[in-house]
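Report on the following structure.
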Amino acid sequence: MKTEKQKMLAGELYRPDAELAADHTEAERWMARYNASGAASASELHALLTERFRHVGKDAVIRPPFFCDYGGNISISDGVFLNFNCVILDVVEVAIGDRTQIGPAVQIYTADHPRDAATRRAGLEFGRPIRIGSDVWIGGGAIILPGVTIGDGALVGAGSVVTKDVAPGAIVAGNPARPRAA
């Protein structure tokens with residue numbers, strides 16, 4: 001029988017329990033330290049990220065404040081940059097490729113909820129992974145919804161709500177985000 005955490009990580013329906021609450025509390029403590037380190041050097045911030053994230057590439061930078069559910073399901077590759085006030089709800093994997101730049105106040109949500117009200121009422125939820133390729137630019141205030149993949153070299157306009165996969169090299173903008181000409 002799987003634990004609730006194992007179900008969560010597998011993208012199955014799960015019910016938050018004491019183990020997940022403890023993991024989230026650890027993440028909150030880490031965020032308090034990270035977000036209080038605003039004047040820290042790039043190497044000090046990098047060291048803090050490696051304490052919590054699954055993978056942190058060379059020269060990856062996240063400007064505080066930064067918020068996440070757990071942190072341990074996040075992988076950021078070489079040269080990734082997240083500006084101030086980003087949120088990553090990482091109940092399952094979030095992978096961000098090399099040299100991707102993410103503007104301020106971007107929100108990346110893997111957490112999802114059943115469409116059936118009775119199942120939601122029962123306290124069940126699930127997650128769908130998000131994969132963001134290399135050399136992607138995501139404008140400030142964009143929201144990336146659960147299960148989305150953004151291909152290499154794509155551009156997401158500021159304030160967009162990305163509900164579907166974005167092809168490599170594509171430019172999308174709007175709510176919902178739709179392809180745009182260069």
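Residue names in the structure tokens use chain letters A, B, ... in the order shown, residue numbers from 1 in each chain, and ligand numbers from 1 in the order shown.
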
query: Neighbours of Leu20 of chain A within 10 Å (only C-alpha atoms; same-chain residues fewer than 5 positions away dropped), as an NGL selection string?
result: :A and (4-5 or 8 or 15 or 25-26 or 69-70 or 91)

task: Could you find all residues in segment 87-154 of chain A that DSSP calls alpha helix (DSSP H) from the backbone, and write them as number ranges by chain?
output: A: 117-121

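Remark: for Ala36 of chain A, the closest of the candidate residues A:Met1, A:Leu48, A:Val156, A:Ile171 is A:Leu48 (distances computed over only C-alpha atoms).
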
Residues of segment 6-53 of chain A within 10 Å of segment 73-80 of chain A: nearest atom pair and distance (Å, one decimal) for each, counting only C-alpha atoms, sorted by chain and number, as CSV?
```
residue,atom,partner,partner_atom,distance
A:Leu9,CA,A:Asn73,CA,8.5
A:Leu49,CA,A:Ile76,CA,9.7
A:Thr50,CA,A:Ser75,CA,9.8
A:Arg52,CA,A:Ile74,CA,8.6
A:Phe53,CA,A:Ile74,CA,5.4
```

Expected file: the selected residues, N, CA and C atoms, as a PDB file, in the first residue's frame:
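part.pdb was written with the following content:
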```pdb
ATOM      1  N   LEU A   9       3.562  11.943  -5.305  1.00  0.00           N
ATOM      2  CA  LEU A   9       4.697  11.992  -6.233  1.00  0.00           C
ATOM      3  C   LEU A   9       4.425  11.236  -7.529  1.00  0.00           C
ATOM      4  N   LEU A  49      19.716  27.019  -2.350  1.00  0.00           N
ATOM      5  CA  LEU A  49      18.856  26.283  -3.289  1.00  0.00           C
ATOM      6  C   LEU A  49      19.207  24.798  -3.305  1.00  0.00           C
ATOM      7  N   THR A  50      20.498  24.491  -3.274  1.00  0.00           N
ATOM      8  CA  THR A  50      20.912  23.075  -3.339  1.00  0.00           C
ATOM      9  C   THR A  50      20.502  22.315  -2.078  1.00  0.00           C
ATOM     10  N   ARG A  52      17.586  22.387  -0.835  1.00  0.00           N
ATOM     11  CA  ARG A  52      16.164  22.041  -0.912  1.00  0.00           C
ATOM     12  C   ARG A  52      15.752  21.403  -2.232  1.00  0.00           C
ATOM     13  N   PHE A  53      16.314  21.870  -3.351  1.00  0.00           N
ATOM     14  CA  PHE A  53      15.858  21.436  -4.670  1.00  0.00           C
ATOM     15  C   PHE A  53      16.443  20.084  -5.057  1.00  0.00           C
TER      16      PHE A  53
END
```

task: List the neighbours of Ser43 of chain A out to 12 Å using only C-alpha atoms; skip same-chain residues closer than 2 positions along the sequence, and give me the result as a count of residues only.
output: 17

task: Using atom CA of Ala173 of chain A and atom CA of Ala95 of chain A as the two end points, give the distance in Å to one decimal.
output: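 These two atoms are separated by 21.4 Å.
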
message: Let me make sure I understand: among A:Ala167, A:Phe81, A:Ile108, A:Glu93, which one has the smallest atom-to-atom distance to Trp137 of chain A if we use only C-alpha atoms?
response: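 Result for the nearest residue to Trp137 of chain A: A:Phe81.
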
Give me the residues within 7 Å of Leu145 of chain A as a PDB file with N, CA and C atoms, in the first residue's frame, counting only C-alpha atoms and dropping any in the same chain fewer than 5 places off.
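Full text of result_37.pdb as output:
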```pdb
ATOM      1  N   ILE A 108       3.883  28.859 -11.191  1.00  0.00           N
ATOM      2  CA  ILE A 108       3.967  27.555 -11.844  1.00  0.00           C
ATOM      3  C   ILE A 108       3.252  26.565 -10.935  1.00  0.00           C
ATOM      4  N   TYR A 109       2.123  26.032 -11.419  1.00  0.00           N
ATOM      5  CA  TYR A 109       1.251  25.205 -10.584  1.00  0.00           C
ATOM      6  C   TYR A 109       1.198  23.761 -11.083  1.00  0.00           C
ATOM      7  N   THR A 110       1.775  22.816 -10.340  1.00  0.00           N
ATOM      8  CA  THR A 110       1.546  21.404 -10.657  1.00  0.00           C
ATOM      9  C   THR A 110       0.333  20.870  -9.906  1.00  0.00           C
ATOM     10  N   VAL A 162      -1.053  29.928 -19.294  1.00  0.00           N
ATOM     11  CA  VAL A 162      -0.707  28.830 -20.203  1.00  0.00           C
ATOM     12  C   VAL A 162      -1.457  27.582 -19.761  1.00  0.00           C
ATOM     13  N   THR A 163      -2.434  27.171 -20.582  1.00  0.00           N
ATOM     14  CA  THR A 163      -3.298  26.045 -20.250  1.00  0.00           C
ATOM     15  C   THR A 163      -2.962  24.790 -21.050  1.00  0.00           C
TER      16      THR A 163
END
```

message: Please extract the residues of chain A with a backbone DSSP assignment of strand (DSSP E) and present them as an NGL selection string.
response: :A and (55-56 or 61-62 or 66-68 or 74-76 or 81-82 or 86-89 or 94-96 or 101-102 or 107-109 or 111-112 or 126-127 or 130-132 or 137-138 or 143-144 or 149-150 or 155-156 or 161-162 or 171-173 or 178-179)

message: Considering only C-alpha atoms, can you say which of A:Gly97, A:Gly71, A:Gly140, A:Gly147 comes closest to Asn85 of chain A?
response: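 Once distances to Asn85 of chain A are computed over only C-alpha atoms, the minimum belongs to A:Gly140.
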
- prompt: From the list A:Glu51, A:Asp98, A:Glu125, A:Asp112, which residue is nearest Gly151 of chain A when using only C-alpha atoms?
  reply: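 Nearest to Gly151 of chain A: A:Asp98.
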
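Considering only C-alpha atoms, the residue among A:Arg54, A:Arg131, A:Val161, A:Asn35 positioned nearest to Phe84 of chain A is A:Asn35.
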
message: So, with only C-alpha atoms as the atoms that count, which of A:Gly103, A:Pro129, A:Pro16, A:Pro179 lies closest to Ile143 of chain A?
response: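 Answer, going by the shortest atom-to-atom distance: A:Gly103.
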
Distance in Å - atom CA of Leu82 of chain A versus atom CA of Gln101 of chain A: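 Computed distance, atom CA of Leu82 of chain A to atom CA of Gln101 of chain A, equals 6.2 Å.
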
statement: Expressed in Å, the length from atom CA of Val87 of chain A to atom CA of Gly169 of chain A is 24.3 Å
